[in-house]
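File shown here: protein_28.csv, holding CSV, C-alpha atoms.
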```csv
chain,number,residue,atom,x,y,z
S,1,PHE,CA,107.4,110.9,141.2
S,2,THR,CA,109.6,109.4,143.8
S,3,GLY,CA,112.5,109.3,141.3
S,4,LYS,CA,112.4,113.1,141.0
S,5,VAL,CA,111.7,114.5,144.5
S,6,ASN,CA,114.5,115.6,146.7
S,7,TYR,CA,115.0,114.7,150.4
S,8,ARG,CA,113.6,111.2,150.0
S,9,ASN,CA,114.5,108.3,152.2
S,10,HIS,CA,116.6,106.0,150.0
S,11,ARG,CA,117.7,103.7,152.8
S,12,LYS,CA,117.1,100.0,152.5
S,13,VAL,CA,117.1,98.6,156.0
S,14,ALA,CA,115.5,95.6,157.7
S,15,VAL,CA,116.0,94.7,161.4
S,16,ILE,CA,114.5,91.6,163.0
S,17,ASP,CA,114.3,91.5,166.8
S,18,GLY,CA,117.2,93.8,167.1
S,19,ARG,CA,119.5,90.8,166.4
S,20,THR,CA,119.6,90.4,162.6
S,21,GLY,CA,119.9,93.2,160.1
S,22,PHE,CA,119.9,93.5,156.3
S,23,MET,CA,121.2,96.4,154.3
S,24,GLY,CA,122.5,97.2,150.8
S,25,GLY,CA,121.0,98.1,147.5
S,26,MET,CA,117.8,96.0,147.3
S,27,ASN,CA,114.3,97.5,147.4
S,28,ILE,CA,111.2,95.4,147.7
S,29,ALA,CA,109.9,95.0,144.1
S,30,ASP,CA,109.2,92.2,141.7
S,31,ARG,CA,112.0,93.3,139.3
S,32,TYR,CA,114.6,92.2,141.8
S,33,VAL,CA,113.4,88.6,141.4
S,34,ARG,CA,112.3,88.7,137.8
S,35,GLY,CA,114.8,91.0,136.3
S,36,THR,CA,114.3,93.4,133.4
S,37,GLY,CA,113.4,92.8,129.7
S,38,TRP,CA,117.0,92.8,128.8
S,39,GLY,CA,118.4,90.6,131.7
S,40,GLY,CA,118.6,90.0,135.4
S,41,TRP,CA,118.8,92.5,138.1
S,42,ARG,CA,122.2,92.4,139.8
S,43,ASP,CA,122.4,93.8,143.3
S,44,THR,CA,124.4,93.5,146.6
S,45,HIS,CA,122.6,93.1,149.9
S,46,PHE,CA,124.0,91.5,153.0
S,47,ARG,CA,123.1,90.1,156.4
S,48,ILE,CA,124.5,91.4,159.7
S,49,GLU,CA,124.6,89.7,163.1
S,50,GLY,CA,126.1,91.1,166.3
S,51,LYS,CA,126.5,94.6,167.6
S,52,GLY,CA,126.5,96.1,164.1
S,53,VAL,CA,122.7,95.6,164.0
S,54,HIS,CA,122.3,98.3,166.7
S,55,GLY,CA,123.5,100.9,164.2
S,56,LEU,CA,120.8,99.9,161.7
S,57,GLN,CA,118.1,99.8,164.5
S,58,SER,CA,119.1,103.3,165.6
S,59,ALA,CA,118.9,104.6,162.0
S,60,PHE,CA,115.4,103.1,161.6
S,61,LEU,CA,114.0,104.3,164.8
S,62,ILE,CA,115.2,107.9,164.2
S,63,ASP,CA,113.5,107.8,160.8
S,64,TRP,CA,110.4,106.4,162.5
S,65,TYR,CA,110.3,109.3,164.9
S,66,VAL,CA,110.7,111.8,162.1
S,67,VAL,CA,107.7,110.6,160.2
S,68,SER,CA,105.4,109.6,163.1
S,69,ARG,CA,106.6,111.7,166.1
S,70,GLN,CA,106.5,108.4,168.1
S,71,LEU,CA,109.7,107.9,170.1
S,72,VAL,CA,110.4,104.1,170.2
S,73,LYS,CA,113.2,103.2,172.6
S,74,GLY,CA,114.2,100.7,175.2
S,75,LYS,CA,116.6,97.8,175.8
S,76,ALA,CA,114.3,95.4,174.0
S,77,TYR,CA,115.3,97.0,170.7
S,78,TYR,CA,119.0,96.7,171.5
S,79,PRO,CA,119.5,93.2,173.0
S,80,ASN,CA,122.9,92.1,174.1
S,81,GLU,CA,124.7,90.6,171.1
S,82,GLU,CA,128.1,89.2,170.5
S,83,PHE,CA,130.8,91.6,169.6
S,84,PHE,CA,133.1,90.3,166.8
S,85,ASP,CA,136.3,92.2,167.4
S,86,ASP,CA,138.0,90.8,164.3
S,87,ASN,CA,135.2,92.1,161.9
S,88,LEU,CA,134.6,95.7,162.7
S,89,MET,CA,131.7,97.6,161.1
S,90,GLN,CA,130.8,101.3,161.1
S,91,ILE,CA,127.3,102.3,160.2
S,92,LEU,CA,126.9,105.6,158.4
S,93,ALA,CA,123.5,107.3,158.2
S,94,GLY,CA,123.8,110.2,155.7
S,95,GLY,CA,121.3,112.9,154.8
S,96,PRO,CA,120.8,116.5,153.8
S,97,THR,CA,119.9,117.8,157.3
S,98,GLY,CA,123.3,117.6,159.0
S,99,ARG,CA,126.2,120.0,158.7
S,100,TRP,CA,128.5,117.4,157.1
S,101,ARG,CA,128.0,115.3,154.0
S,102,VAL,CA,129.0,112.1,155.8
S,103,LEU,CA,128.8,109.7,152.9
S,104,LEU,CA,130.5,111.9,150.4
S,105,GLN,CA,133.3,112.5,152.9
S,106,ALA,CA,133.6,108.8,153.6
S,107,PHE,CA,133.9,107.9,149.9
S,108,ILE,CA,136.5,110.6,149.3
S,109,PHE,CA,138.5,109.6,152.4
S,110,CYS,CA,138.5,105.9,151.3
S,111,ILE,CA,139.6,106.8,147.8
S,112,ALA,CA,142.3,109.1,149.0
S,113,ASN,CA,143.7,106.4,151.3
S,114,ALA,CA,143.9,103.6,148.7
S,115,LYS,CA,147.5,102.5,148.1
S,116,ARG,CA,147.1,99.8,145.4
S,117,TYR,CA,143.6,99.5,143.9
S,118,LEU,CA,139.9,100.4,144.1
S,119,TYR,CA,136.9,98.4,142.9
S,120,ILE,CA,133.7,100.4,142.5
S,121,GLN,CA,130.2,99.3,141.4
S,122,THR,CA,127.4,101.9,141.0
S,123,PRO,CA,124.3,102.0,138.8
S,124,TYR,CA,124.4,105.8,138.5
S,125,PHE,CA,127.6,107.6,138.2
S,126,LEU,CA,127.0,111.4,138.7
S,127,PRO,CA,129.9,112.4,140.9
S,128,THR,CA,130.4,115.7,142.6
S,129,GLN,CA,133.5,117.6,141.4
S,130,THR,CA,135.5,116.7,144.5
S,131,LEU,CA,134.7,113.0,144.1
S,132,ASN,CA,135.5,113.1,140.4
S,133,GLU,CA,138.8,114.7,141.2
S,134,ALA,CA,139.6,112.2,143.9
S,135,LEU,CA,139.2,109.3,141.5
S,136,ALA,CA,141.3,111.1,138.9
S,137,MET,CA,144.0,111.9,141.5
S,138,ALA,CA,144.1,108.3,142.7
S,139,ALA,CA,144.6,107.0,139.1
S,140,LEU,CA,147.2,109.6,138.3
S,141,GLY,CA,149.0,108.7,141.5
S,142,GLY,CA,149.4,105.0,140.5
S,143,VAL,CA,146.3,103.5,142.2
S,144,GLU,CA,144.5,101.0,139.9
S,145,VAL,CA,140.9,102.4,139.8
S,146,ASN,CA,138.3,100.0,138.4
S,147,LEU,CA,134.7,101.4,137.8
S,148,LEU,CA,131.9,99.1,136.8
S,149,ILE,CA,128.6,100.6,135.7
S,150,PRO,CA,125.6,99.1,133.7
S,151,ARG,CA,125.9,99.1,129.9
S,152,LYS,CA,122.2,99.9,129.8
S,153,GLY,CA,120.5,102.1,132.3
S,154,ASP,CA,116.9,102.0,133.6
S,155,VAL,CA,116.6,105.8,133.4
S,156,LEU,CA,117.9,107.1,130.1
S,157,ALA,CA,118.7,110.7,131.2
S,158,SER,CA,120.7,109.6,134.2
S,159,HIS,CA,122.6,107.0,132.1
S,160,LEU,CA,123.6,109.4,129.4
S,161,ALA,CA,124.7,111.9,132.1
S,162,SER,CA,126.8,109.1,133.7
S,163,LEU,CA,128.5,108.4,130.4
S,164,SER,CA,129.5,112.1,130.1
S,165,TYR,CA,132.0,111.7,133.0
S,166,LEU,CA,133.9,108.8,131.6
S,167,ASP,CA,136.3,110.3,129.0
S,168,GLY,CA,138.0,112.5,131.5
S,169,LEU,CA,138.5,109.8,134.0
S,170,MET,CA,139.8,107.3,131.4
S,171,GLU,CA,142.3,110.0,130.3
S,172,ALA,CA,143.5,110.0,134.0
S,173,GLY,CA,143.9,106.2,133.9
S,174,VAL,CA,140.6,105.0,135.4
S,175,HIS,CA,139.5,101.6,134.0
S,176,VAL,CA,135.8,101.7,133.1
S,177,TYR,CA,133.8,98.5,132.5
S,178,PHE,CA,130.2,97.9,131.5
S,179,TYR,CA,128.0,95.2,133.0
S,180,LYS,CA,126.1,93.7,130.1
S,181,ALA,CA,124.2,90.7,131.7
S,182,GLY,CA,121.3,93.0,132.8
S,183,PHE,CA,120.9,96.0,135.1
S,184,LEU,CA,123.6,96.5,137.7
S,185,HIS,CA,122.1,98.1,140.8
S,186,SER,CA,124.9,97.1,143.2
S,187,LYS,CA,126.6,99.9,145.2
S,188,PHE,CA,130.0,99.4,146.8
S,189,LEU,CA,133.6,100.4,147.0
S,190,THR,CA,136.5,98.2,148.1
S,191,ILE,CA,140.0,99.4,149.0
S,192,ASP,CA,143.2,97.3,148.7
S,193,GLY,CA,141.3,94.1,149.6
S,194,LYS,CA,141.1,95.3,153.2
S,195,VAL,CA,138.1,97.7,153.6
S,196,ALA,CA,134.7,97.9,152.0
S,197,LEU,CA,132.1,100.6,151.8
S,198,VAL,CA,128.7,99.2,150.9
S,199,GLY,CA,125.1,100.3,151.2
S,200,SER,CA,122.2,102.2,149.6
S,201,ALA,CA,124.2,105.2,148.2
S,202,ASN,CA,124.8,105.5,144.5
S,203,MET,CA,128.0,107.4,143.5
S,204,ASP,CA,126.0,110.5,142.5
S,205,PHE,CA,125.4,113.9,144.0
S,206,ARG,CA,121.7,113.1,144.7
S,207,SER,CA,122.7,110.3,147.1
S,208,PHE,CA,125.3,112.4,148.8
S,209,GLU,CA,123.5,115.7,149.0
S,210,HIS,CA,119.7,115.2,148.7
S,211,ASN,CA,118.8,111.7,149.9
S,212,PHE,CA,118.7,110.0,153.3
S,213,GLU,CA,121.1,107.0,152.8
S,214,CYS,CA,122.6,104.2,154.9
S,215,ALA,CA,125.9,102.6,154.3
S,216,SER,CA,128.6,100.8,156.2
S,217,ILE,CA,132.3,100.6,156.3
S,218,ILE,CA,133.6,97.0,157.0
S,219,TYR,CA,137.2,96.7,158.2
S,220,GLU,CA,137.7,93.1,157.4
S,221,ALA,CA,139.7,91.5,154.6
S,222,GLY,CA,137.7,88.4,154.2
S,223,PHE,CA,134.4,90.2,153.6
S,224,THR,CA,136.1,92.7,151.4
S,225,GLN,CA,137.7,90.0,149.2
S,226,GLN,CA,134.3,88.3,148.9
S,227,LEU,CA,132.9,91.5,147.4
S,228,GLU,CA,135.9,91.8,145.1
S,229,GLU,CA,135.5,88.2,143.8
```

Let me see the structure of the file written as C-alpha coordinates.
Amino acid sequence: FTGKVNYRNHRKVAVIDGRTGFMGGMNIADRYVRGTGWGGWRDTHFRIEGKGVHGLQSAFLIDWYVVSRQLVKGKAYYPNEEFFDDNLMQILAGGPTGRWRVLLQAFIFCIANAKRYLYIQTPYFLPTQTLNEALAMAALGGVEVNLLIPRKGDVLASHLASLSYLDGLMEAGVHVYFYKAGFLHSKFLTIDGKVALVGSANMDFRSFEHNFECASIIYEAGFTQQLEE
(Lines of atoms letter the chains of each structure in order from A and count residues from 1; the text may use other names and numbers.)
(Lines give C-alpha, C1' and ligand atoms only; values in the text may rest on other atoms or scores of the structure.)
Protein backbone atom coordinates (compact mmCIF):
# COMPACT_ATOMS: atom_id res chain seq x y z
CA PHE A 1 0.00 0.00 0.00
CA THR A 2 2.74 2.48 0.90
CA GLY A 3 4.36 1.89 -2.47
CA LYS A 4 1.28 3.17 -4.28
CA VAL A 5 -0.04 6.06 -2.18
CA ASN A 6 0.96 9.64 -3.02
CA TYR A 7 2.13 12.35 -0.61
CA ARG A 8 4.11 9.89 1.49
CA ASN A 9 7.09 10.73 3.63
CA HIS A 10 10.02 9.08 1.88
CA ARG A 11 12.72 10.82 3.93
CA LYS A 12 15.29 8.70 5.76
CA VAL A 13 16.65 10.83 8.58
CA ALA A 14 18.13 10.06 11.99
CA VAL A 15 19.34 12.76 14.40
CA ILE A 16 21.10 12.01 17.69
CA ASP A 17 21.24 14.76 20.35
CA GLY A 18 21.18 17.41 17.65
CA ARG A 19 24.87 16.71 17.02
CA THR A 20 25.04 13.68 14.74
CA GLY A 21 22.86 13.01 11.72
CA PHE A 22 22.39 10.22 9.22
CA MET A 23 20.74 10.50 5.82
CA GLY A 24 20.69 8.83 2.44
CA GLY A 25 18.79 5.94 0.88
CA MET A 26 18.51 3.36 3.67
CA ASN A 27 15.26 2.43 5.35
CA ILE A 28 15.08 0.25 8.48
CA ALA A 29 14.44 -3.25 7.15
CA ASP A 30 16.07 -6.66 7.27
CA ARG A 31 16.71 -6.74 3.53
CA TYR A 32 19.29 -3.95 3.88
CA VAL A 33 21.41 -6.38 5.90
CA ARG A 34 20.47 -9.71 4.35
CA GLY A 35 20.03 -8.59 0.75
CA THR A 36 17.66 -10.15 -1.77
CA GLY A 37 17.29 -13.58 -3.27
CA TRP A 38 19.47 -12.53 -6.19
CA GLY A 39 22.21 -10.61 -4.34
CA GLY A 40 23.12 -7.94 -1.81
CA TRP A 41 21.30 -4.67 -1.24
CA ARG A 42 23.59 -1.82 -2.31
CA ASP A 43 22.84 1.59 -0.81
CA THR A 44 24.44 4.91 0.12
CA HIS A 45 23.95 6.44 3.56
CA PHE A 46 26.25 8.86 5.33
CA ARG A 47 26.95 10.43 8.69
CA ILE A 48 27.00 14.17 9.32
CA GLU A 49 28.63 16.11 12.13
CA GLY A 50 28.63 19.87 12.59
CA LYS A 51 26.16 22.60 11.69
CA GLY A 52 24.77 20.54 8.82
CA VAL A 53 22.89 18.41 11.36
CA HIS A 54 20.67 21.40 12.17
CA GLY A 55 19.10 21.19 8.72
CA LEU A 56 18.14 17.56 9.31
CA GLN A 57 16.81 18.37 12.78
CA SER A 58 14.65 21.14 11.38
CA ALA A 59 13.23 18.86 8.66
CA PHE A 60 12.38 16.19 11.23
CA LEU A 61 10.73 18.54 13.73
CA ILE A 62 8.60 20.15 11.01
CA ASP A 63 7.42 16.69 9.96
CA TRP A 64 6.75 15.87 13.63
CA TYR A 65 4.55 18.95 13.95
CA VAL A 66 2.61 18.09 10.78
CA VAL A 67 1.63 14.65 12.07
CA SER A 68 1.27 15.37 15.80
CA ARG A 69 0.52 19.12 16.04
CA GLN A 70 3.17 19.22 18.76
CA LEU A 71 5.64 22.05 18.28
CA VAL A 72 9.05 20.90 19.50
CA LYS A 73 11.65 23.65 19.64
CA GLY A 74 14.44 25.10 21.75
CA LYS A 75 18.21 25.47 21.86
CA ALA A 76 18.63 21.93 23.19
CA TYR A 77 17.69 20.62 19.76
CA TYR A 78 20.20 22.88 18.02
CA PRO A 79 23.37 22.75 20.17
CA ASN A 80 26.40 24.79 19.22
CA GLU A 81 28.44 22.72 16.81
CA GLU A 82 31.59 23.22 14.84
CA PHE A 83 31.30 24.88 11.46
CA PHE A 84 33.52 23.30 8.81
CA ASP A 85 33.98 26.12 6.31
CA ASP A 86 35.90 23.91 3.88
CA ASN A 87 33.10 21.33 3.61
CA LEU A 88 29.83 23.11 2.92
CA MET A 89 26.47 21.34 2.90
CA GLN A 90 23.02 22.48 1.85
CA ILE A 91 20.04 20.48 3.14
CA LEU A 92 17.04 20.31 0.80
CA ALA A 93 13.62 19.25 2.09
CA GLY A 94 11.38 18.71 -0.92
CA GLY A 95 7.67 17.96 -1.02
CA PRO A 96 4.43 18.45 -2.94
CA THR A 97 3.09 21.27 -0.75
CA GLY A 98 5.39 24.12 -1.73
CA ARG A 99 5.25 26.33 -4.78
CA TRP A 100 8.54 25.07 -6.19
CA ARG A 101 9.73 21.54 -6.89
CA VAL A 102 12.97 22.07 -5.01
CA LEU A 103 14.66 18.74 -5.67
CA LEU A 104 13.74 18.59 -9.34
CA GLN A 105 15.12 22.09 -9.83
CA ALA A 106 18.30 21.19 -7.91
CA PHE A 107 18.91 18.10 -10.08
CA ILE A 108 18.34 20.02 -13.31
CA PHE A 109 20.51 22.93 -12.15
CA CYS A 110 23.38 20.59 -11.28
CA ILE A 111 23.12 18.73 -14.57
CA ALA A 112 22.98 21.97 -16.56
CA ASN A 113 26.10 23.28 -14.83
CA ALA A 114 28.28 20.21 -15.38
CA LYS A 115 31.30 20.95 -17.55
CA ARG A 116 33.08 17.59 -17.81
CA TYR A 117 31.12 14.64 -16.42
CA LEU A 118 28.20 13.40 -14.33
CA TYR A 119 27.89 10.18 -12.32
CA ILE A 120 24.34 9.16 -11.42
CA GLN A 121 23.00 6.23 -9.38
CA THR A 122 19.27 5.61 -8.96
CA PRO A 123 17.16 2.49 -8.43
CA TYR A 124 14.16 3.92 -10.30
CA PHE A 125 14.64 6.04 -13.40
CA LEU A 126 11.34 7.67 -14.36
CA PRO A 127 12.41 11.23 -15.17
CA THR A 128 10.17 14.17 -15.88
CA GLN A 129 10.39 15.53 -19.41
CA THR A 130 12.54 18.47 -18.33
CA LEU A 131 14.97 16.21 -16.46
CA ASN A 132 15.17 13.79 -19.38
CA GLU A 133 15.92 16.67 -21.74
CA ALA A 134 18.54 18.08 -19.36
CA LEU A 135 20.43 14.77 -19.41
CA ALA A 136 20.22 14.55 -23.20
CA MET A 137 21.33 18.17 -23.61
CA ALA A 138 24.31 17.62 -21.33
CA ALA A 139 25.43 14.59 -23.33
CA LEU A 140 24.86 16.31 -26.66
CA GLY A 141 26.88 19.26 -25.35
CA GLY A 142 29.94 17.11 -24.68
CA VAL A 143 29.46 16.26 -21.00
CA GLU A 144 30.18 12.61 -20.15
CA VAL A 145 26.92 11.41 -18.57
CA ASN A 146 27.12 8.06 -16.75
CA LEU A 147 23.89 6.51 -15.46
CA LEU A 148 23.94 3.39 -13.25
CA ILE A 149 20.68 1.54 -12.52
CA PRO A 150 19.93 -1.98 -11.26
CA ARG A 151 19.87 -4.79 -13.82
CA LYS A 152 16.96 -6.34 -11.94
CA GLY A 153 14.35 -4.27 -10.15
CA ASP A 154 12.37 -5.05 -7.04
CA VAL A 155 9.16 -3.71 -8.66
CA LEU A 156 8.68 -5.11 -12.16
CA ALA A 157 6.39 -2.39 -13.51
CA SER A 158 8.70 0.43 -12.37
CA HIS A 159 11.76 -1.36 -13.73
CA LEU A 160 10.22 -1.91 -17.15
CA ALA A 161 9.13 1.72 -17.23
CA SER A 162 12.68 2.79 -16.35
CA LEU A 163 14.07 0.80 -19.28
CA SER A 164 11.74 2.58 -21.69
CA TYR A 165 13.69 5.85 -21.31
CA LEU A 166 17.13 4.46 -22.10
CA ASP A 167 17.14 4.20 -25.90
CA GLY A 168 16.58 7.92 -26.44
CA LEU A 169 19.21 8.90 -23.90
CA MET A 170 21.79 6.51 -25.35
CA GLU A 171 21.13 8.00 -28.78
CA ALA A 172 22.04 11.38 -27.25
CA GLY A 173 25.28 9.92 -25.93
CA VAL A 174 24.40 9.02 -22.32
CA HIS A 175 26.34 5.98 -21.03
CA VAL A 176 24.00 3.53 -19.29
CA TYR A 177 25.30 0.78 -17.00
CA PHE A 178 23.55 -2.03 -15.11
CA TYR A 179 24.40 -3.03 -11.55
CA LYS A 180 24.34 -6.84 -11.51
CA ALA A 181 25.60 -7.82 -8.03
CA GLY A 182 22.16 -7.40 -6.43
CA PHE A 183 19.71 -4.54 -6.07
CA LEU A 184 21.05 -0.99 -6.37
CA HIS A 185 19.07 1.34 -4.07
CA SER A 186 21.69 4.11 -3.95
CA LYS A 187 20.60 7.62 -4.97
CA PHE A 188 23.15 10.28 -5.83
CA LEU A 189 24.54 12.57 -8.49
CA THR A 190 28.09 13.94 -8.70
CA ILE A 191 29.29 16.80 -10.85
CA ASP A 192 32.86 17.15 -12.16
CA GLY A 193 34.37 15.63 -9.01
CA LYS A 194 33.47 18.79 -7.07
CA VAL A 195 29.81 18.71 -6.00
CA ALA A 196 27.53 15.87 -4.87
CA LEU A 197 23.75 15.67 -4.51
CA VAL A 198 22.76 12.70 -2.34
CA GLY A 199 19.73 11.72 -0.29
CA SER A 200 16.43 9.87 -0.38
CA ALA A 201 15.11 11.04 -3.75
CA ASN A 202 15.03 8.66 -6.69
CA MET A 203 15.40 10.13 -10.14
CA ASP A 204 11.69 9.79 -10.84
CA PHE A 205 8.64 12.01 -10.99
CA ARG A 206 7.14 10.51 -7.82
CA SER A 207 10.12 11.58 -5.73
CA PHE A 208 10.13 15.05 -7.27
CA GLU A 209 6.40 15.77 -7.37
CA HIS A 210 4.54 13.51 -4.91
CA ASN A 211 6.84 12.47 -2.06
CA PHE A 212 8.36 14.30 0.87
CA GLU A 213 12.09 13.81 0.36
CA CYS A 214 15.34 14.96 1.93
CA ALA A 215 18.60 15.48 0.08
CA SER A 216 21.80 17.42 0.47
CA ILE A 217 24.22 19.19 -1.82
CA ILE A 218 27.82 18.86 -0.62
CA TYR A 219 30.29 21.34 -2.06
CA GLU A 220 33.51 19.47 -1.31
CA ALA A 221 35.77 17.63 -3.70
CA GLY A 222 37.02 15.00 -1.26
CA PHE A 223 33.56 13.75 -0.35
CA THR A 224 32.43 13.89 -3.98
CA GLN A 225 35.40 11.86 -5.16
CA GLN A 226 34.75 9.22 -2.50
CA LEU A 227 31.26 8.78 -3.92
CA GLU A 228 32.67 8.56 -7.44
CA GLU A 229 35.18 5.89 -6.41

Between S:Glu81, S:Gly142, S:His54, S:Leu131, which residue has the minimum interatomic distance to Leu103 of chain S, considering all atoms listed in the file?
S:Leu131

Shell around segment 150-156 of chain S at 12 Å using only C-alpha atoms, local window under 5 positions removed, as a PyMOL selection string:
chain S and resi 3-4+31+35-43+121-125+161-163+176-187

Could the residues in this selection be saved with C-alpha atoms as a JSON list (two decimals), in the frame of the given file?
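Here's the written file selection.json:
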```
[["chain", "number", "residue", "atom", "x", "y", "z"],
["S", 3, "GLY", "CA", 112.50, 109.30, 141.30],
["S", 4, "LYS", "CA", 112.40, 113.10, 141.00],
["S", 31, "ARG", "CA", 112.00, 93.30, 139.30],
["S", 35, "GLY", "CA", 114.80, 91.00, 136.30],
["S", 36, "THR", "CA", 114.30, 93.40, 133.40],
["S", 37, "GLY", "CA", 113.40, 92.80, 129.70],
["S", 38, "TRP", "CA", 117.00, 92.80, 128.80],
["S", 39, "GLY", "CA", 118.40, 90.60, 131.70],
["S", 40, "GLY", "CA", 118.60, 90.00, 135.40],
["S", 41, "TRP", "CA", 118.80, 92.50, 138.10],
["S", 42, "ARG", "CA", 122.20, 92.40, 139.80],
["S", 43, "ASP", "CA", 122.40, 93.80, 143.30],
["S", 121, "GLN", "CA", 130.20, 99.30, 141.40],
["S", 122, "THR", "CA", 127.40, 101.90, 141.00],
["S", 123, "PRO", "CA", 124.30, 102.00, 138.80],
["S", 124, "TYR", "CA", 124.40, 105.80, 138.50],
["S", 125, "PHE", "CA", 127.60, 107.60, 138.20],
["S", 161, "ALA", "CA", 124.70, 111.90, 132.10],
["S", 162, "SER", "CA", 126.80, 109.10, 133.70],
["S", 163, "LEU", "CA", 128.50, 108.40, 130.40],
["S", 176, "VAL", "CA", 135.80, 101.70, 133.10],
["S", 177, "TYR", "CA", 133.80, 98.50, 132.50],
["S", 178, "PHE", "CA", 130.20, 97.90, 131.50],
["S", 179, "TYR", "CA", 128.00, 95.20, 133.00],
["S", 180, "LYS", "CA", 126.10, 93.70, 130.10],
["S", 181, "ALA", "CA", 124.20, 90.70, 131.70],
["S", 182, "GLY", "CA", 121.30, 93.00, 132.80],
["S", 183, "PHE", "CA", 120.90, 96.00, 135.10],
["S", 184, "LEU", "CA", 123.60, 96.50, 137.70],
["S", 185, "HIS", "CA", 122.10, 98.10, 140.80],
["S", 186, "SER", "CA", 124.90, 97.10, 143.20],
["S", 187, "LYS", "CA", 126.60, 99.90, 145.20]]
```

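For the set S:Trp100, S:Lys115, S:Pro79, S:Val15, the residue with the smallest atom-to-atom gap to Arg47 of chain S is S:Val15, counting all atoms listed in the file.
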
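One finds atom CA of Gln90 of chain S at 16.3 Å from atom CA of Arg19 of chain S.
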
Taking 2 positions as the minimum chain separation for residues in the same chain, which residues sit within 7 Å of Leu189 of chain S when counting only C-alpha atoms? Answer as a CSV table (one decimal) with C-alpha atoms, in the coordinates of the input.
```csv
chain,number,residue,atom,x,y,z
S,118,LEU,CA,139.9,100.4,144.1
S,119,TYR,CA,136.9,98.4,142.9
S,120,ILE,CA,133.7,100.4,142.5
S,121,GLN,CA,130.2,99.3,141.4
S,191,ILE,CA,140.0,99.4,149.0
S,196,ALA,CA,134.7,97.9,152.0
S,197,LEU,CA,132.1,100.6,151.8
S,198,VAL,CA,128.7,99.2,150.9
```

Test item: residues at most 12 Å from Ser58 of chain S, all atoms listed in the file, excluding those fewer than 4 positions along its chain, as number ranges by chain:
S: 13-15, 18, 21, 51-54, 62-65, 71-75, 77-78, 91-93, 214

Would you work out the distance separating atom CA of Thr128 of chain S from atom CA of Ser207 of chain S, expressed in Å to one decimal?
10.4 Å

Counting only C-alpha atoms, what is within 10 Å of Phe212 of chain S, bar same-chain residues fewer than 6 positions away, as number ranges by chain?
S: 6-11, 63, 93-97, 200-201, 206

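The space separating atom CA of Ala215 of chain S from atom CA of Ser164 of chain S comes to 26.2 Å.
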
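Distances to Asp204 of chain S were evaluated for S:Thr224, S:Thr44, S:Gln129, S:Asn146 using all atoms listed in the file, and the minimum falls at S:Gln129.
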
Within 6 Å of Tyr117 of chain S, counting all atoms listed in the file, which residues show up once you throw out same-chain ones fewer than 2 positions away? Write them as a list in words, please.
Val143, Glu144, Val145 and Asp192 of chain S

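If you measure from each of S:Ala138, S:Val33, S:Ile28, S:Ile217 to Arg116 of chain S using only C-alpha atoms, the closest one turns out to be S:Ala138.
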
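In this comparison, which uses only C-alpha atoms, the residue of S:Thr190, S:Ala139, S:Leu148, S:Ala59 approaching Met170 of chain S most closely is S:Ala139.
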
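If only C-alpha atoms are the atoms counted, then among S:Tyr32, S:Tyr219, S:Phe208, S:Phe83 the closest residue to Val102 of chain S is S:Phe208.
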
N, CA and C atoms modelled onto segment 43-68 of chain S, as a CSV table (one decimal), in the frame of the given file:
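Output saved as selection.csv:
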```csv
chain,number,residue,atom,x,y,z
S,43,ASP,N,122.3,92.9,142.2
S,43,ASP,CA,122.4,93.8,143.3
S,43,ASP,C,123.3,93.2,144.4
S,44,THR,N,123.6,94.0,145.4
S,44,THR,CA,124.4,93.5,146.6
S,44,THR,C,123.6,93.9,147.8
S,45,HIS,N,123.3,92.9,148.6
S,45,HIS,CA,122.6,93.1,149.9
S,45,HIS,C,123.2,92.1,150.9
S,46,PHE,N,123.4,92.4,152.1
S,46,PHE,CA,124.0,91.5,153.0
S,46,PHE,C,123.4,91.5,154.4
S,47,ARG,N,123.6,90.4,155.1
S,47,ARG,CA,123.1,90.1,156.4
S,47,ARG,C,124.1,90.4,157.5
S,48,ILE,N,123.6,91.0,158.6
S,48,ILE,CA,124.5,91.4,159.7
S,48,ILE,C,124.0,90.7,161.0
S,49,GLU,N,124.9,90.2,161.7
S,49,GLU,CA,124.6,89.7,163.1
S,49,GLU,C,125.6,90.3,164.0
S,50,GLY,N,125.2,90.5,165.3
S,50,GLY,CA,126.1,91.1,166.3
S,50,GLY,C,125.8,92.6,166.6
S,51,LYS,N,126.7,93.2,167.2
S,51,LYS,CA,126.5,94.6,167.6
S,51,LYS,C,126.2,95.6,166.5
S,52,GLY,N,126.7,95.2,165.3
S,52,GLY,CA,126.5,96.1,164.1
S,52,GLY,C,125.0,96.3,163.8
S,53,VAL,N,124.2,95.4,164.2
S,53,VAL,CA,122.7,95.6,164.0
S,53,VAL,C,122.2,96.8,164.7
S,54,HIS,N,122.8,97.1,165.9
S,54,HIS,CA,122.3,98.3,166.7
S,54,HIS,C,122.4,99.6,165.9
S,55,GLY,N,123.4,99.7,165.0
S,55,GLY,CA,123.5,100.9,164.2
S,55,GLY,C,122.3,101.0,163.2
S,56,LEU,N,121.9,99.9,162.6
S,56,LEU,CA,120.8,99.9,161.7
S,56,LEU,C,119.5,100.2,162.5
S,57,GLN,N,119.4,99.6,163.7
S,57,GLN,CA,118.1,99.8,164.5
S,57,GLN,C,118.0,101.3,164.9
S,58,SER,N,119.1,101.9,165.2
S,58,SER,CA,119.1,103.3,165.6
S,58,SER,C,118.6,104.2,164.4
S,59,ALA,N,119.2,103.9,163.2
S,59,ALA,CA,118.9,104.6,162.0
S,59,ALA,C,117.4,104.5,161.7
S,60,PHE,N,116.8,103.3,161.8
S,60,PHE,CA,115.4,103.1,161.6
S,60,PHE,C,114.5,103.8,162.5
S,61,LEU,N,114.8,103.7,163.8
S,61,LEU,CA,114.0,104.3,164.8
S,61,LEU,C,114.0,105.8,164.8
S,62,ILE,N,115.1,106.4,164.4
S,62,ILE,CA,115.2,107.9,164.2
S,62,ILE,C,114.3,108.3,163.1
S,63,ASP,N,114.4,107.5,162.0
S,63,ASP,CA,113.5,107.8,160.8
S,63,ASP,C,112.0,107.6,161.2
S,64,TRP,N,111.7,106.6,162.0
S,64,TRP,CA,110.4,106.4,162.5
S,64,TRP,C,109.8,107.6,163.3
S,65,TYR,N,110.7,108.1,164.1
S,65,TYR,CA,110.3,109.3,164.9
S,65,TYR,C,110.0,110.5,164.0
S,66,VAL,N,110.9,110.7,163.0
S,66,VAL,CA,110.7,111.8,162.1
S,66,VAL,C,109.4,111.8,161.4
S,67,VAL,N,108.9,110.7,161.0
S,67,VAL,CA,107.7,110.6,160.2
S,67,VAL,C,106.4,110.4,161.1
S,68,SER,N,106.6,109.9,162.3
S,68,SER,CA,105.4,109.6,163.1
S,68,SER,C,105.4,110.4,164.4
```
